[in-house]
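Asker: Here's a structure for you.
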Amino acid sequence: MSDVEIGRGKRARTAYSFDDVAIVPSRRTRDPKDVSINWQIDAYKLSLPMLAAPMDSVVSPDTAIEIGQLGAIGVLNLEGLWTRYADPLPLLEEISQLPAENAIQRMQEIYSAPIQADLIKERISYIRASGVAVAAALSPKRTAEFHEAVVKAGVDLFVIRGTTVSAEHVGSGVEPLNLKEFIYELDVPVVVGGVATYSAALHLMRSGAAGVLVGFGGGAAHTTRSVLGLAVPMASAVADVAAARRDYMDESGGRYVHVIADGSVGRSGDIAKAIACGADAVMMGSPLARATQAPGRGWHWGAEAQHAELPRGERVHVGTVGTLAEILNGPSRSADGSMNLFGALKRAMATTGYSELKEFQRVEVVVQGR
């Protein structure tokens, strides 16, 4: 990849966002009905290549079930309101009504309640009783503390998600979390991230993860770039991590680690571009927060927004466009890419002549002029 000179003492790589790239139609097209977007991670076969982001504005136990029934996986945030309060519905209503000037402060107060292991078990058991795959998430900081309760409760897919996640998390005065040792001790597949570079992704793949999240998460609701100066142009990040997947397959003798784009996937076209750059699936938040069933009631926020010391997110109004079924599978009543997300992915694949997701990763892309 070419680099540019910022000044005499610093050079930087050129990187591209999803907005900077476009998919090139090919000479062959096919009927969208003949296109498959089925995805399998570990033993779990899905009709949609998507995980719903572990954010309280998106995934509740009930929406996790509905998302599972629609063909994807809803990931429950085990550090959210559902594991801190027996009945979080009044608090979700309060958050949706907070005036902007004190929203973050009040959310910090609400989320200061302790996480309860009994509620972790109760929420996971409730989702499991529906028959869908159960996925739940913890941050690296909380993983060592609560992972036993999560696994005993019967989770099918364990997600370790943070702004950035390394193969070994070291903290002063605490035992470091060694992901390789940790993952091999578990009996469930682990998805971990986010990462944004080839080398960081390769280290996580060597830890035994079933999937790697690319990006910082949070998407429309995070302010990490403004607060910490950290950002990742997603097209380049996904392509870099896909290269790490390829090299790790050679290194490991064929072990495949799924690449999941987590961030800047806000419209249907972003899903197609993420797959085209090498992702196997996407993790989405804000598009699902627009559902009539979404717990956020038209508002969207992530774990960064209620950080006790340094909030790196905000509560944003995303509105409501339709049901979860309409947002994921249509029909759409809008031309802005906010509905029938995966019908659009099928049509993008059909327009370029591809019938399978793995094939579509080879589609030609171009960089648009700046």
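To be explicit about the labels: the chains of the structure tokens are called A, B, and onward in the order shown, and within each one the residues are counted from 1, while ligands get numbers from 1 in the order they are shown.
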Using only C-alpha atoms, which residues sit within 9 Å of region 258-270 of chain A once same-chain residues fewer than 4 positions away are excluded, as a PyMOL selection string?
Answerer: chain A and resi 17-19+41+50-51+53+191+193-194+209-220+233-234+237-238+241-242+245+274-275+278-287+336-345+348
Asker: Would you save the residues of that selection, restricted to N, CA and C atoms, as a short mmCIF file (atom, residue, chain, number, x, y, z; two decimals), in the first residue's frame?
Answerer:
data_model
loop_
_atom_site.label_atom_id
_atom_site.label_comp_id
_atom_site.auth_asym_id
_atom_site.auth_seq_id
_atom_site.Cartn_x
_atom_site.Cartn_y
_atom_site.Cartn_z
N SER A 17 -12.22 4.29 3.23
CA SER A 17 -13.47 3.93 3.90
C SER A 17 -14.41 3.27 2.91
N PHE A 18 -15.54 2.77 3.39
CA PHE A 18 -16.52 2.19 2.47
C PHE A 18 -17.04 3.24 1.49
N ASP A 19 -17.11 4.49 1.91
CA ASP A 19 -17.57 5.54 1.01
C ASP A 19 -16.59 5.80 -0.13
N ILE A 41 -20.95 -20.13 11.09
CA ILE A 41 -19.82 -19.92 11.98
C ILE A 41 -19.86 -21.02 13.03
N MET A 50 -25.00 -11.96 9.60
CA MET A 50 -25.05 -10.80 10.47
C MET A 50 -25.13 -11.17 11.94
N LEU A 51 -24.42 -10.40 12.75
CA LEU A 51 -24.60 -10.38 14.20
C LEU A 51 -25.14 -9.01 14.56
N ALA A 53 -25.35 -6.01 17.04
CA ALA A 53 -24.36 -5.52 17.99
C ALA A 53 -24.89 -5.57 19.43
N VAL A 191 -15.84 -15.04 19.50
CA VAL A 191 -15.60 -13.97 18.53
C VAL A 191 -15.01 -12.80 19.30
N GLY A 193 -12.80 -8.86 19.27
CA GLY A 193 -12.40 -7.66 18.54
C GLY A 193 -12.84 -6.42 19.31
N GLY A 194 -12.48 -5.20 18.85
CA GLY A 194 -12.08 -4.97 17.50
C GLY A 194 -10.59 -4.79 17.26
N ALA A 209 -9.54 -17.78 18.25
CA ALA A 209 -10.86 -17.19 18.03
C ALA A 209 -11.52 -17.78 16.80
N ALA A 210 -12.85 -17.95 16.88
CA ALA A 210 -13.60 -18.41 15.72
C ALA A 210 -13.86 -17.28 14.74
N GLY A 211 -13.90 -16.05 15.25
CA GLY A 211 -14.13 -14.89 14.42
C GLY A 211 -13.44 -13.67 15.00
N VAL A 212 -13.13 -12.72 14.13
CA VAL A 212 -12.48 -11.48 14.54
C VAL A 212 -13.33 -10.31 14.07
N LEU A 213 -13.62 -9.40 14.99
CA LEU A 213 -14.37 -8.19 14.67
C LEU A 213 -13.42 -7.11 14.18
N VAL A 214 -13.73 -6.52 13.04
CA VAL A 214 -12.89 -5.48 12.45
C VAL A 214 -13.56 -4.13 12.67
N GLY A 215 -12.84 -3.23 13.32
CA GLY A 215 -13.39 -1.90 13.57
C GLY A 215 -13.47 -1.63 15.05
N PHE A 216 -13.97 -0.46 15.38
CA PHE A 216 -14.06 -0.04 16.76
C PHE A 216 -15.46 -0.21 17.33
N GLY A 217 -16.41 -0.70 16.53
CA GLY A 217 -17.78 -0.83 17.02
C GLY A 217 -18.38 0.53 17.30
N GLY A 218 -19.60 0.52 17.78
CA GLY A 218 -20.22 1.79 18.14
C GLY A 218 -20.78 2.56 16.97
N GLY A 219 -20.05 2.58 15.85
CA GLY A 219 -20.51 3.20 14.63
C GLY A 219 -21.02 4.61 14.83
N ALA A 220 -22.30 4.80 14.49
CA ALA A 220 -22.91 6.13 14.55
C ALA A 220 -22.93 6.71 15.95
N PRO A 233 -10.40 3.61 8.70
CA PRO A 233 -11.14 3.54 7.45
C PRO A 233 -11.45 2.08 7.14
N MET A 234 -12.72 1.74 7.12
CA MET A 234 -13.12 0.34 7.20
C MET A 234 -12.79 -0.50 5.96
N ALA A 237 -9.25 -1.55 6.44
CA ALA A 237 -9.12 -2.41 7.61
C ALA A 237 -9.63 -3.82 7.32
N VAL A 238 -10.80 -3.93 6.69
CA VAL A 238 -11.36 -5.24 6.38
C VAL A 238 -10.44 -5.99 5.41
N VAL A 241 -7.37 -7.28 7.33
CA VAL A 241 -7.67 -8.42 8.20
C VAL A 241 -7.99 -9.66 7.36
N ALA A 242 -8.62 -9.48 6.21
CA ALA A 242 -8.86 -10.62 5.30
C ALA A 242 -7.54 -11.21 4.82
N ARG A 245 -6.33 -13.38 7.56
CA ARG A 245 -7.07 -14.66 7.54
C ARG A 245 -6.45 -15.61 6.53
N ALA A 274 -18.52 -4.33 2.46
CA ALA A 274 -17.77 -5.06 3.48
C ALA A 274 -17.44 -6.47 3.00
N ILE A 275 -18.43 -7.16 2.43
CA ILE A 275 -18.20 -8.51 1.91
C ILE A 275 -17.22 -8.45 0.75
N GLY A 278 -13.71 -8.44 1.73
CA GLY A 278 -13.19 -9.65 2.34
C GLY A 278 -13.88 -10.13 3.60
N ALA A 279 -14.90 -9.40 4.08
CA ALA A 279 -15.61 -9.83 5.29
C ALA A 279 -16.48 -11.04 5.00
N ASP A 280 -16.69 -11.87 6.01
CA ASP A 280 -17.62 -12.99 5.92
C ASP A 280 -19.01 -12.58 6.37
N ALA A 281 -19.07 -11.58 7.25
CA ALA A 281 -20.34 -11.16 7.82
C ALA A 281 -20.16 -9.76 8.38
N VAL A 282 -21.25 -9.19 8.89
CA VAL A 282 -21.19 -7.85 9.48
C VAL A 282 -21.83 -7.88 10.86
N MET A 283 -21.40 -6.95 11.71
CA MET A 283 -22.07 -6.69 12.98
C MET A 283 -22.71 -5.31 12.87
N MET A 284 -24.02 -5.22 13.13
CA MET A 284 -24.75 -3.98 12.89
C MET A 284 -25.46 -3.50 14.15
N GLY A 285 -25.48 -2.17 14.31
CA GLY A 285 -26.17 -1.57 15.43
C GLY A 285 -27.24 -0.59 15.01
N SER A 286 -26.82 0.58 14.52
CA SER A 286 -27.78 1.66 14.23
C SER A 286 -28.88 1.27 13.25
N PRO A 287 -28.63 0.47 12.20
CA PRO A 287 -29.75 0.10 11.32
C PRO A 287 -30.85 -0.65 12.05
N ASP A 336 -33.22 4.70 0.60
CA ASP A 336 -31.97 5.18 1.19
C ASP A 336 -31.10 4.07 1.77
N GLY A 337 -31.45 2.80 1.53
CA GLY A 337 -30.62 1.69 2.02
C GLY A 337 -30.83 1.35 3.47
N SER A 338 -31.95 1.80 4.07
CA SER A 338 -32.19 1.53 5.48
C SER A 338 -33.10 0.33 5.71
N MET A 339 -33.69 -0.23 4.65
CA MET A 339 -34.60 -1.36 4.77
C MET A 339 -34.24 -2.42 3.73
N ASN A 340 -34.71 -3.66 3.99
CA ASN A 340 -34.40 -4.80 3.13
C ASN A 340 -32.89 -4.89 2.89
N LEU A 341 -32.15 -4.85 3.99
CA LEU A 341 -30.69 -4.82 3.92
C LEU A 341 -30.11 -6.01 3.18
N PHE A 342 -30.66 -7.17 3.43
CA PHE A 342 -30.06 -8.37 2.85
C PHE A 342 -30.68 -8.75 1.52
N GLY A 343 -31.86 -8.22 1.24
CA GLY A 343 -32.36 -8.30 -0.13
C GLY A 343 -31.46 -7.49 -1.06
N ALA A 344 -30.97 -6.35 -0.56
CA ALA A 344 -30.05 -5.52 -1.34
C ALA A 344 -28.73 -6.24 -1.55
N LEU A 345 -28.23 -6.95 -0.53
CA LEU A 345 -26.99 -7.72 -0.70
C LEU A 345 -27.17 -8.78 -1.78
N ALA A 348 -27.04 -7.04 -5.13
CA ALA A 348 -25.68 -6.64 -5.49
C ALA A 348 -24.89 -7.84 -6.01
#
Asker: Once DSSP has gone over the backbone, tell me which residues of region 12-257 of chain A are in strand (DSSP E or B), as an MDAnalysis selection string.
Answerer: chainID A and resid 12:13 21:23 39:41 44:46 50:52 73:77 135:138 157:161 168:171 174:178 190:195 211:214 222
Asker: With N, CA and C atoms retained, write the just-selected residues as a compact mmCIF listing (two decimals), in the first residue's frame.
Answerer:
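For reference, part_20.txt as written:
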# COMPACT_ATOMS: atom_id res chain seq x y z
N ALA A 12 2.53 8.31 6.44
CA ALA A 12 1.31 7.57 6.80
C ALA A 12 0.83 6.76 5.61
N ARG A 13 0.17 5.64 5.90
CA ARG A 13 -0.42 4.83 4.85
C ARG A 13 -1.68 5.50 4.32
N VAL A 21 -14.93 3.46 -1.83
CA VAL A 21 -14.84 2.37 -2.80
C VAL A 21 -16.22 2.06 -3.37
N ALA A 22 -16.22 1.41 -4.52
CA ALA A 22 -17.46 1.00 -5.17
C ALA A 22 -17.26 -0.36 -5.82
N ILE A 23 -18.33 -1.11 -5.93
CA ILE A 23 -18.30 -2.44 -6.53
C ILE A 23 -18.54 -2.31 -8.03
N TRP A 39 -24.64 -18.28 5.83
CA TRP A 39 -23.35 -18.16 6.52
C TRP A 39 -23.32 -19.14 7.67
N GLN A 40 -22.16 -19.77 7.87
CA GLN A 40 -22.02 -20.69 8.99
C GLN A 40 -20.77 -20.32 9.78
N ILE A 41 -20.95 -20.13 11.09
CA ILE A 41 -19.82 -19.92 11.98
C ILE A 41 -19.86 -21.02 13.03
N TYR A 44 -23.07 -23.22 13.73
CA TYR A 44 -24.32 -22.47 13.62
C TYR A 44 -24.53 -21.98 12.19
N LYS A 45 -25.57 -22.51 11.57
CA LYS A 45 -25.91 -22.17 10.19
C LYS A 45 -26.98 -21.08 10.19
N LEU A 46 -26.69 -20.00 9.46
CA LEU A 46 -27.56 -18.83 9.45
C LEU A 46 -27.93 -18.47 8.01
N MET A 50 -25.00 -11.96 9.60
CA MET A 50 -25.05 -10.80 10.47
C MET A 50 -25.13 -11.17 11.94
N LEU A 51 -24.42 -10.40 12.75
CA LEU A 51 -24.60 -10.38 14.20
C LEU A 51 -25.14 -9.01 14.56
N ALA A 52 -26.17 -8.98 15.41
CA ALA A 52 -26.67 -7.70 15.92
C ALA A 52 -25.77 -7.26 17.07
N ILE A 73 -28.03 -13.55 14.26
CA ILE A 73 -27.78 -13.76 15.68
C ILE A 73 -27.79 -12.42 16.39
N GLY A 74 -28.60 -12.31 17.44
CA GLY A 74 -28.60 -11.12 18.28
C GLY A 74 -27.68 -11.34 19.47
N VAL A 75 -26.73 -10.44 19.66
CA VAL A 75 -25.74 -10.57 20.74
C VAL A 75 -26.17 -9.68 21.91
N LEU A 76 -26.44 -10.28 23.05
CA LEU A 76 -26.88 -9.54 24.22
C LEU A 76 -25.69 -8.96 24.96
N ASN A 77 -25.78 -7.69 25.33
CA ASN A 77 -24.75 -7.02 26.11
C ASN A 77 -24.89 -7.42 27.58
N ALA A 135 -26.09 -15.80 21.85
CA ALA A 135 -24.79 -15.11 21.84
C ALA A 135 -24.83 -13.98 22.85
N ALA A 136 -23.73 -13.79 23.54
CA ALA A 136 -23.65 -12.73 24.55
C ALA A 136 -22.23 -12.17 24.58
N ALA A 137 -22.13 -10.92 25.03
CA ALA A 137 -20.85 -10.22 24.95
C ALA A 137 -20.44 -9.62 26.28
N LEU A 138 -19.12 -9.65 26.50
CA LEU A 138 -18.48 -8.95 27.61
C LEU A 138 -17.28 -8.18 27.07
N LEU A 157 -22.38 -18.77 21.61
CA LEU A 157 -21.32 -17.98 21.00
C LEU A 157 -20.96 -16.87 21.97
N PHE A 158 -19.68 -16.79 22.33
CA PHE A 158 -19.21 -15.82 23.31
C PHE A 158 -18.45 -14.73 22.57
N VAL A 159 -18.86 -13.48 22.76
CA VAL A 159 -18.24 -12.34 22.08
C VAL A 159 -17.47 -11.50 23.11
N ILE A 160 -16.20 -11.27 22.84
CA ILE A 160 -15.38 -10.36 23.64
C ILE A 160 -15.16 -9.13 22.78
N ARG A 161 -15.80 -8.04 23.16
CA ARG A 161 -15.84 -6.86 22.29
C ARG A 161 -15.42 -5.60 23.05
N GLU A 168 -3.22 -10.12 24.38
CA GLU A 168 -2.94 -10.16 25.82
C GLU A 168 -3.20 -8.79 26.41
N HIS A 169 -4.22 -8.70 27.25
CA HIS A 169 -4.58 -7.42 27.88
C HIS A 169 -3.89 -7.33 29.24
N VAL A 170 -3.06 -6.32 29.41
CA VAL A 170 -2.27 -6.17 30.62
C VAL A 170 -2.75 -4.94 31.38
N GLY A 171 -2.96 -5.10 32.68
CA GLY A 171 -3.37 -3.96 33.52
C GLY A 171 -2.58 -3.95 34.81
N VAL A 174 -3.49 -6.18 38.14
CA VAL A 174 -4.43 -7.26 37.85
C VAL A 174 -3.75 -8.31 36.99
N GLU A 175 -4.27 -9.52 37.06
CA GLU A 175 -3.74 -10.60 36.25
C GLU A 175 -4.08 -10.35 34.79
N PRO A 176 -3.10 -10.40 33.88
CA PRO A 176 -3.39 -10.14 32.48
C PRO A 176 -4.32 -11.19 31.89
N LEU A 177 -5.19 -10.75 30.99
CA LEU A 177 -6.08 -11.67 30.29
C LEU A 177 -5.36 -12.18 29.06
N ASN A 178 -4.92 -13.43 29.12
CA ASN A 178 -4.25 -14.06 27.98
C ASN A 178 -5.32 -14.78 27.17
N VAL A 190 -15.53 -18.43 20.28
CA VAL A 190 -15.35 -17.06 20.73
C VAL A 190 -15.12 -16.15 19.53
N VAL A 191 -15.84 -15.04 19.50
CA VAL A 191 -15.60 -13.97 18.53
C VAL A 191 -15.01 -12.80 19.30
N VAL A 192 -13.93 -12.22 18.79
CA VAL A 192 -13.21 -11.21 19.56
C VAL A 192 -12.81 -10.04 18.68
N GLY A 193 -12.80 -8.86 19.27
CA GLY A 193 -12.40 -7.66 18.54
C GLY A 193 -12.84 -6.42 19.31
N GLY A 194 -12.48 -5.20 18.85
CA GLY A 194 -12.08 -4.97 17.50
C GLY A 194 -10.59 -4.79 17.26
N VAL A 195 -10.29 -5.03 16.01
CA VAL A 195 -8.94 -4.82 15.50
C VAL A 195 -9.05 -4.04 14.20
N GLY A 211 -13.90 -16.05 15.25
CA GLY A 211 -14.13 -14.89 14.42
C GLY A 211 -13.44 -13.67 15.00
N VAL A 212 -13.13 -12.72 14.13
CA VAL A 212 -12.48 -11.48 14.54
C VAL A 212 -13.33 -10.31 14.07
N LEU A 213 -13.62 -9.40 14.99
CA LEU A 213 -14.37 -8.19 14.67
C LEU A 213 -13.42 -7.11 14.18
N VAL A 214 -13.73 -6.52 13.04
CA VAL A 214 -12.89 -5.48 12.45
C VAL A 214 -13.56 -4.13 12.67
N HIS A 222 -20.49 6.31 18.44
CA HIS A 222 -19.25 6.50 19.19
C HIS A 222 -18.53 7.77 18.76
Asker: Against region 87-96 of chain A, which residues of region 17-59 of chain A fall within 12 Å? For each one I want the closest pair of atoms and the distance in Å (one decimal), counting only C-alpha atoms, rows by chain and increasing residue number, as JSON lines.
Answerer:
{"residue": "A:Asp56", "atom": "CA", "partner": "A:Leu92", "partner_atom": "CA", "distance": 8.4}
{"residue": "A:Ser57", "atom": "CA", "partner": "A:Leu92", "partner_atom": "CA", "distance": 8.2}
{"residue": "A:Val58", "atom": "CA", "partner": "A:Leu92", "partner_atom": "CA", "distance": 11.2}
{"residue": "A:Val59", "atom": "CA", "partner": "A:Leu92", "partner_atom": "CA", "distance": 12.0}
Asker: Write a file of the selected residues as a short mmCIF file (atom, residue, chain, number, x, y, z; two decimals), in the first residue's frame, keeping N, CA and C atoms.
Answerer:
data_model
loop_
_atom_site.label_atom_id
_atom_site.label_comp_id
_atom_site.auth_asym_id
_atom_site.auth_seq_id
_atom_site.Cartn_x
_atom_site.Cartn_y
_atom_site.Cartn_z
N ASP A 56 -27.57 -1.90 24.19
CA ASP A 56 -28.89 -1.91 24.83
C ASP A 56 -29.98 -1.28 23.98
N SER A 57 -29.61 -0.40 23.07
CA SER A 57 -30.59 0.23 22.19
C SER A 57 -31.01 -0.70 21.06
N VAL A 58 -30.34 -1.83 20.92
CA VAL A 58 -30.58 -2.75 19.79
C VAL A 58 -31.09 -4.11 20.25
N VAL A 59 -30.37 -4.72 21.20
CA VAL A 59 -30.65 -6.11 21.57
C VAL A 59 -31.16 -6.22 23.00
#
Asker: If you run DSSP on this backbone, which residues of region 33-254 of chain A come out as helix (DSSP H, G or I), and could you give them as a PyMOL selection string?
Answerer: chain A and resi 33-34+61-69+81-83+89-97+100-110+117-128+140-153+179-185+198-206+219-221+224-228+234-252
Asker: So which one's closest to Ile115 (chain A), A:Gly80, A:Gly208, A:Pro32, A:Gly9? Using only C-alpha atoms, please.
Answerer: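 Under the stated criterion, the closest residue is A:Gly80.
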Asker: If you count only C-alpha atoms, which residues fall within 7 Å of Arg84 (chain A), apart from same-chain ones fewer than 2 positions away, as a list in words?
Answerer: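 Near Arg84 (chain A), the qualifying residues are Gly80, Leu81, Trp82, Ala86, Ala113, Pro114, Ile115 and Gln116 of chain A.
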Asker: Print the selection's residues with C-alpha atoms to a file, as a tab-separated table (two decimals), in the first residue's frame.
Answerer:
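So out_20.tsv came out as:
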chain	number	residue	atom	x	y	z
A	80	GLY	CA	-26.00	-3.56	30.02
A	81	LEU	CA	-29.27	-2.83	31.72
A	82	TRP	CA	-30.61	-6.37	31.31
A	86	ALA	CA	-34.58	-7.06	37.04
A	113	ALA	CA	-25.53	-0.40	39.23
A	114	PRO	CA	-23.63	-3.68	39.66
A	115	ILE	CA	-23.83	-6.53	37.17
A	116	GLN	CA	-25.64	-9.52	38.69
Asker: Can you measure CA of Arg206 (chain A) to CA of Tyr256 (chain A) for me? One decimal in Å is fine.
Answerer: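 These atoms are spaced 11.0 Å apart.
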Asker: To one decimal place in Å, what is the distance between CA of Val4 (chain A) and CA of Ala244 (chain A)?
Answerer: 23.4 Å
Asker: Just the number, please: distance in Å from CA of Thr292 (chain A) to CA of Gly71 (chain A), one decimal.
Answerer: 18.2 Å
